[in-house]
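S.K.: First the structure, which I've put down as C-alpha cells, then a few questions once you've had a look.
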Number of protein chains: 6
Amino acid sequence: MEARKSTGSLTIMTEIVLPNDTNTFGNLMGGRLMYWMDIAAALSAQKHCNAPVVTASVDNISFENPIKLGNAVHIEAKVTRSFNTSMEVHLKVWGEDLTQQYKYKSNEAYYTFVALDPNRKPRPVPQLIAETPEEKRLFDGALRRRQLRLILGGKLRPDDATELKALFVKE
Amino acid sequence: MEARKSTGSLTIMTEIVLPNDTNTFGNLMGGRLMYWMDIAAALSAQKHCNAPVVTASVDNISFENPIKLGNAVHIEAKVTRSFNTSMEVHLKVWGEDLTQQYKYKSNEAYYTFVALDPNRKPRPVPQLIAETPEEKRLFDGALRRRQLRLILGGKLRPDDATELKALFVKE
Amino acid sequence: MEARKSTGSLTIMTEIVLPNDTNTFGNLMGGRLMYWMDIAAALSAQKHCNAPVVTASVDNISFENPIKLGNAVHIEAKVTRSFNTSMEVHLKVWGEDLTQQYKYKSNEAYYTFVALDPNRKPRPVPQLIAETPEEKRLFDGALRRRQLRLILGGKLRPDDATELKALFVKE
Amino acid sequence: MEARKSTGSLTIMTEIVLPNDTNTFGNLMGGRLMYWMDIAAALSAQKHCNAPVVTASVDNISFENPIKLGNAVHIEAKVTRSFNTSMEVHLKVWGEDLTQQYKYKSNEAYYTFVALDPNRKPRPVPQLIAETPEEKRLFDGALRRRQLRLILGGKLRPDDATELKALFVKE
Amino acid sequence: MEARKSTGSLTIMTEIVLPNDTNTFGNLMGGRLMYWMDIAAALSAQKHCNAPVVTASVDNISFENPIKLGNAVHIEAKVTRSFNTSMEVHLKVWGEDLTQQYKYKSNEAYYTFVALDPNRKPRPVPQLIAETPEEKRLFDGALRRRQLRLILGGKLRPDDATELKALFVKE
Amino acid sequence: MEARKSTGSLTIMTEIVLPNDTNTFGNLMGGRLMYWMDIAAALSAQKHCNAPVVTASVDNISFENPIKLGNAVHIEAKVTRSFNTSMEVHLKVWGEDLTQQYKYKSNEAYYTFVALDPNRKPRPVPQLIAETPEEKRLFDGALRRRQLRLILGGKLRPDDATELKALFVKE
C-alpha cells in the first residue's frame, strides 16, 4: 500500500446557518456544527484510504466565536497522520458574515476514524506523507494526541505515555 | 463600486448523499441537488456583492450521471458576470465514489441572483473581472444566456435578441 | 401501450413555508421550492407511466414573487407530452397568504423525466392525449422546448432545430 | 361575518414516503403521517376563517393499511362545521403505489382548530354551509363528535351529552 | 410468555422546541408533537413485547397549553394493558420553561400498537402487571377505551359495548 | 445564589436511529449522536442555572460500540460541577436493541456550557452539591478535566496544572 500525501485528503465544506441550526440567541448550536464536522472529516478520511470509515473518537473542542444565523460556515479537513487502521483528521472551522466581509475563527478539532473492510473489521490504511511545515507539525503532534486519547480512554497508563509525559516532566 | 475578480466569489461545497436524499433507485434526487446548488450559488453571489441576495432564475439543467447513496457531492460555484443589480453564477457538480476513487460529472448550471437593499429593493452590484480563458468564455456567453432568459421569461422579443439570433441565422 | 389523458397525471401538492425553508428576508428559498417541485413533478410522471422515473432535466425557471414564511405553497403538475422514454411535466406554483385571502403566482416550470425498467434502462412510456385548449397548447410547445433542451445540452445543432429556428428566422 | 361553503376550505396535499419517514418494515410511521395531516388540516381551517389557527384536539385515528416507502400519500382536508371560535376539519388519507396503479385507504380523521386574534385570544369564525349529502352528513355528525371530545376532555358529563347518549340509550 | 410489569416499559423522552417545529405564534405545532409521541410510545411498546410494532390507533388528544420555542418537551410513555397482539400506551406530555423554572402540562394521550412477527403478521404479546394505584386505574380504564375505539372504528355496535354503555345508562 | 443538587439537573433523552442518521454500515453516525448529546447536555445545564447556555467545549469522546438502525439511543446528562459562569455536564450514552433485550454502552462524555445574561455576557451560576459517591467522584475529577481543557485550549501552561501534573509526576 503506497503512502499518500496529506493534500490528497483535503475536503472543503461550506454551509449556511439556517433557523433550525440555531439556539435562542440566533447562533449556530455546537452539536449541529459537530455533525457537519463529522461528515467533512469522514469524507477526508475516506479520500485517504478509499474505504468506508467510522468515527472512533473526537478530541477536545473549544468553541471560540459563535457563528450567526445566515452566516456561512467554512470547514477544511485534512488527514494529519495514519496509524495501522486509523487516521487522525484535522479540522479548521470559520464563520463568515458575507455582507460585512468579516471572517472569524470558530474552532479547530481532531477527529479519528477507523477504516473497515466488508466484514466490518478494521483494515490497514496507507501511510501519510506530510509536506508543508504545517503538515509536518500536525504529523509530529499526532503521536502526542494519540497518547492522550489512549489515556483518556483508559487504554494507556500515564507512565507509558512518554511523548505526553514530556510536557509535564522536564528532566 | 470597485470591480471584483471572479475568483473572489469561488465557493466550494461538499455533501454526502444520505438515505433521505435518494429515490427508489438509491440515487440522489434532482430536487435535493438543486437545493444544495441554490445555497452554494447564493453564497458565491453574496461573496461578490456583500449583500443579501435572492434567487431570480435558474437556467436549463441536464442531469447526466446519477450520484449514488454514500457518494460525495462536489459543487463549485463562481460568479461569471454581473449586470446592474443581478449576478450570474456558474456551477459545476461532480459525484465521487470515494472507495473506488471514481469521480464523475453530474451537471453544469447557471443560477441568477438579485442583490437587495434593506428595503428589499434591487441594489447595484460590483462589475466582474474575468481573468482566465475559462472565466472569459463564461463572461462572454453570459450575454447570450441572459437574452435567452429574457425571451423565455416573455420579457424580450426573439427579434431583439441579437446575440442569440446569431446562433440560428448565419448572415 | 395505450395513450393516456393529461388529466390522469394531475398532481396537487400543498405545503406551508416553515422557518427552515426561508432566507434572511423570511421568504421561501428558491432551492427549497425546486425540491418540492421535483417531487410533485415526479409523482405526476409516475402516474402517467406507472414506472419509476428519474429527473432528466429542468427548464429555465424565473421566480416572480417571493412566498412568505407561514404562507401556503400550491403546486400543480401535469404531463404535457411524452416522447419515447421521457415525459415533460408542466408545473404551476402559487403562494397564498391565507389570512389576507391573497393568492399570487410564483412561477411556471417544465421538468423532464425518464422512465426506467428494473435494470435501470429507459423504457417506453404511453403517448399523451391533450384535450383542453391549454393542454393542446402545452403539447404543441413541447417539441420546441425539447429542441431548446437538446441545443442547450449540446445534443442538437441550432441549424437542425427547425421548430425553434422559426422563432428567430421569419421566412 | 358571512357563512362560507365547505368546498372553499378544500385542501389537497400529496407527499412521497422517503426513507426517514419509515419504520423498520419500510412503512410510513404513524407519527409522520399525523404531522402531515396536521399541516393539511391547519391550512384548510385557515382557508375557512382567514386567521391563524392552532390545533385544539385530534379525534381517534385508526391506521388501516400501511403506506409503503416510495408510495404517494394523498391527504384531503375540508372543514365540516364551525362552532364559535373553533372548526372541525375532516381528513381522508390514501396511499398510492404509482407503479401498480393501486390506491388504498389509510385512514379518516377529525382535527379541531381554534382561530386566534393578534393577542392570541380565540376569535369568532364564519359559519359553515354544507351543500352535498356527504357534507351534510359530516355537518350533522359534528355535534356528536364534539360532545364526545368534551366528555373525553372532562369538560362535559356523559348525562348532558344528549346527542351521544342516543347512541347507547334507545328510548 | 411471562407477564411483565408496567414499569418495565417506561420510556422518557426530552426534546427542545426548535424554530422549524413552531407555528407563526412561535408555539410547537400539534403535528410535530404527535410525531415525537408516536416514537416515544412505540419504544415503550417494544420494550414490553421485544418485537417490532406498528401504530394501530391514536385516541382523542386535547392540547391544553402551547409549548414555546426554546422550551423543553417532556414525554413519558408506559404500557397500560396488553390485549392478544396489541398494547395500549399511556403518554403524559409537559412543557418546561427552563429559565423560569416553570413546568406545565400539555396533554395526555393513548396510542395503541400491534406487535408483528417477521412475516408482518400480528403476534402475541406478554400480559401486563399493574402495580401502583395509577397503573391499576389505567389498566381498568383500558377496556372501556378499547370499546370506544372499536365503536369509533365501526367494529363494535354501541349496544355491545357494555363497559362504555355504563357511562351513559345508569341502571 | 443557592447551591443546587446534581440530581436536579438530570435529563433523560431517548431517540430512535432512523435511516438518515446512519452511515453506509447502517450504524448511527458519530456526528448525529454528538448533536443529540449537545441538546441533552444543554437542557441539563439550563435546569441547573435557569438561564440560557451556549456550548463552550466538548471533551474527548470515544465511540465504543456502534448503535444500529432501529435501535434506541439512551442519553443521560447531569451537571457534575459548576465554576463561576460555566458548568460541566457528564453524559452517558447507551444503545438498546429492544427486540433482543440487549443494552450496550456507546460512550461517556463531558460537555461544558457557559450561562449568558440578556446581553450575552457570561453570568454566575449556582454551585453544585454532589451527594452520591459517583457524583462526588465526578465532582472531584472536574478540576483535573478543566485543567486539561485549559492546557489543550492554550490557556494554561502544563506546569501550572497541578491537579493534572500529579498523574504524570509521582513525587
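Every chain in the C-alpha cells takes a letter, A first, then B, and so on in the order presented; its residues are numbered from 1, and the ligands are numbered from 1 following the presented order.
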Got a sec to pull out which chain B residues are within 9 Å of chain D, counting only C-alpha atoms, and send them as a list of chain:residue names?

M.R.: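 Residues of chain B within 9 Å of chain D, counting only C-alpha atoms: B:Pro19, B:Asn20, B:Asp21, B:Thr22, B:Asn23, B:Thr24.
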
S.K.: Any chance you could export the current selection's N, CA, C and O atoms as a PDB file, in the first residue's frame?

M.R.:
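Result written to again_26.pdb:
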```pdb
ATOM      1  N   PRO B  19     -29.586   8.598   3.069  1.00  0.00           N
ATOM      2  CA  PRO B  19     -30.769   7.866   2.592  1.00  0.00           C
ATOM      3  C   PRO B  19     -31.938   8.757   2.174  1.00  0.00           C
ATOM      4  O   PRO B  19     -32.587   8.517   1.166  1.00  0.00           O
ATOM      5  N   ASN B  20     -32.197   9.821   2.962  1.00  0.00           N
ATOM      6  CA  ASN B  20     -33.380  10.628   2.661  1.00  0.00           C
ATOM      7  C   ASN B  20     -33.238  11.513   1.433  1.00  0.00           C
ATOM      8  O   ASN B  20     -34.186  12.161   1.023  1.00  0.00           O
ATOM      9  N   ASP B  21     -32.027  11.544   0.868  1.00  0.00           N
ATOM     10  CA  ASP B  21     -31.791  12.335  -0.335  1.00  0.00           C
ATOM     11  C   ASP B  21     -32.019  11.506  -1.597  1.00  0.00           C
ATOM     12  O   ASP B  21     -31.868  12.014  -2.702  1.00  0.00           O
ATOM     13  N   THR B  22     -32.370  10.222  -1.439  1.00  0.00           N
ATOM     14  CA  THR B  22     -32.367   9.327  -2.602  1.00  0.00           C
ATOM     15  C   THR B  22     -33.773   8.913  -3.037  1.00  0.00           C
ATOM     16  O   THR B  22     -34.705   8.884  -2.249  1.00  0.00           O
ATOM     17  N   ASN B  23     -33.876   8.564  -4.316  1.00  0.00           N
ATOM     18  CA  ASN B  23     -35.104   7.987  -4.861  1.00  0.00           C
ATOM     19  C   ASN B  23     -35.071   6.459  -4.674  1.00  0.00           C
ATOM     20  O   ASN B  23     -34.160   5.935  -4.028  1.00  0.00           O
ATOM     21  N   THR B  24     -36.054   5.778  -5.252  1.00  0.00           N
ATOM     22  CA  THR B  24     -36.138   4.333  -5.012  1.00  0.00           C
ATOM     23  C   THR B  24     -34.984   3.556  -5.637  1.00  0.00           C
ATOM     24  O   THR B  24     -34.797   2.387  -5.343  1.00  0.00           O
TER      25      THR B  24
END
```

S.K.: Env of F:Ala161: 9 Å cut, atoms = only C-alpha atoms, seq-sep filter 5 positions within chain, self excluded. Answer as a count of residues only.

M.R.: 8

S.K.: Could you check the closest approach to F:Asp38 for each of E:Glu134, E:Ile16, E:Gln127, E:Val58 and tell me which residue wins, using only C-alpha atoms?

M.R.: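 Smallest distance to F:Asp38 is found for E:Ile16.
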
S.K.: Show me, as a PyMOL selection string, the residues that have an atom within 8 Å of D:His74 when counting only C-alpha atoms, minus same-chain residues fewer than 4 positions from it.

M.R.: chain D and resi 12-15+93-96

S.K.: Leaving out D:Ala51 and any residue of its chain fewer than 2 positions from it, which residues lie within 10 Å of it when counting only C-alpha atoms, given as a ChimeraX atom specification?

M.R.: /C:97-101 /D:45-49,53,114-118,123-125

S.K.: DSSP on the backbone, then: every residue of chain B marked alpha helix (DSSP H), written as a PyMOL selection string.

M.R.: chain B and resi 30-49+133-152+162-168

S.K.: Which residues in stretch 67-119 of chain A does DSSP call strand (DSSP E or B)? List them as a PyMOL selection string.

M.R.: chain A and resi 68+72-82+86-97+102-116

S.K.: So what do you get for atom CA of A:Gly26 versus atom CA of E:Gly26, distance-wise?

M.R.: 14.4 Å

S.K.: In Å, rounded to a single decimal, give me how far atom CA of B:Ile75 is from atom CA of B:His90.

M.R.: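 For atom CA of B:His90 relative to atom CA of B:Ile75, the distance reads 10.3 Å.
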
S.K.: With a distance cut-off of 12 Å and only C-alpha atoms, select the neighbouring residues of stretch 137-143 of chain D, excluding the residue or stretch itself and same-chain residues fewer than 3 positions from it, and output the selection as number ranges by chain.

M.R.: D: 5-6, 59, 78-83, 86-91, 109-112, 127-134, 146-150, 161-164, 167

S.K.: Keeping only C-alpha atoms, write the selected residues as an mmCIF file, in the first residue's frame.

M.R.:
```cif
data_model
loop_
_atom_site.group_PDB
_atom_site.id
_atom_site.type_symbol
_atom_site.label_atom_id
_atom_site.label_comp_id
_atom_site.auth_asym_id
_atom_site.auth_seq_id
_atom_site.Cartn_x
_atom_site.Cartn_y
_atom_site.Cartn_z
ATOM 1 C CA LYS D 5 -69.162 26.865 1.865
ATOM 2 C CA SER D 6 -67.307 23.733 2.879
ATOM 3 C CA ASP D 59 -60.068 12.605 17.394
ATOM 4 C CA LYS D 78 -62.222 20.045 4.444
ATOM 5 C CA VAL D 79 -63.952 21.974 7.244
ATOM 6 C CA THR D 80 -67.126 20.118 8.302
ATOM 7 C CA ARG D 81 -68.602 22.580 10.771
ATOM 8 C CA SER D 82 -67.604 25.638 12.753
ATOM 9 C CA PHE D 83 -68.525 26.470 16.321
ATOM 10 C CA SER D 86 -63.338 26.600 16.529
ATOM 11 C CA MET D 87 -63.602 24.491 13.387
ATOM 12 C CA GLU D 88 -63.735 20.742 12.859
ATOM 13 C CA VAL D 89 -61.735 19.507 9.846
ATOM 14 C CA HIS D 90 -62.316 16.121 8.229
ATOM 15 C CA LEU D 91 -59.349 14.343 6.646
ATOM 16 C CA ALA D 109 -59.699 11.622 10.934
ATOM 17 C CA TYR D 110 -61.053 14.777 12.536
ATOM 18 C CA TYR D 111 -58.798 17.599 13.753
ATOM 19 C CA THR D 112 -60.183 20.632 15.588
ATOM 20 C CA GLN D 127 -70.432 29.606 9.966
ATOM 21 C CA LEU D 128 -70.141 26.705 7.523
ATOM 22 C CA ILE D 129 -72.572 25.910 4.689
ATOM 23 C CA ALA D 130 -72.812 22.193 3.921
ATOM 24 C CA GLU D 131 -74.076 21.510 0.385
ATOM 25 C CA THR D 132 -73.534 17.937 -0.765
ATOM 26 C CA PRO D 133 -75.077 14.939 1.028
ATOM 27 C CA GLU D 134 -71.653 13.954 2.364
ATOM 28 C CA ARG D 146 -67.923 17.434 19.776
ATOM 29 C CA GLN D 147 -69.803 16.020 22.743
ATOM 30 C CA LEU D 148 -67.510 13.006 22.749
ATOM 31 C CA ARG D 149 -64.468 15.300 22.728
ATOM 32 C CA LEU D 150 -65.856 17.287 25.672
ATOM 33 C CA ALA D 161 -74.309 14.623 26.087
ATOM 34 C CA THR D 162 -77.780 14.206 24.641
ATOM 35 C CA GLU D 163 -76.587 13.656 21.071
ATOM 36 C CA LEU D 164 -74.120 10.998 22.059
ATOM 37 C CA LEU D 167 -76.255 6.055 20.568
#
```
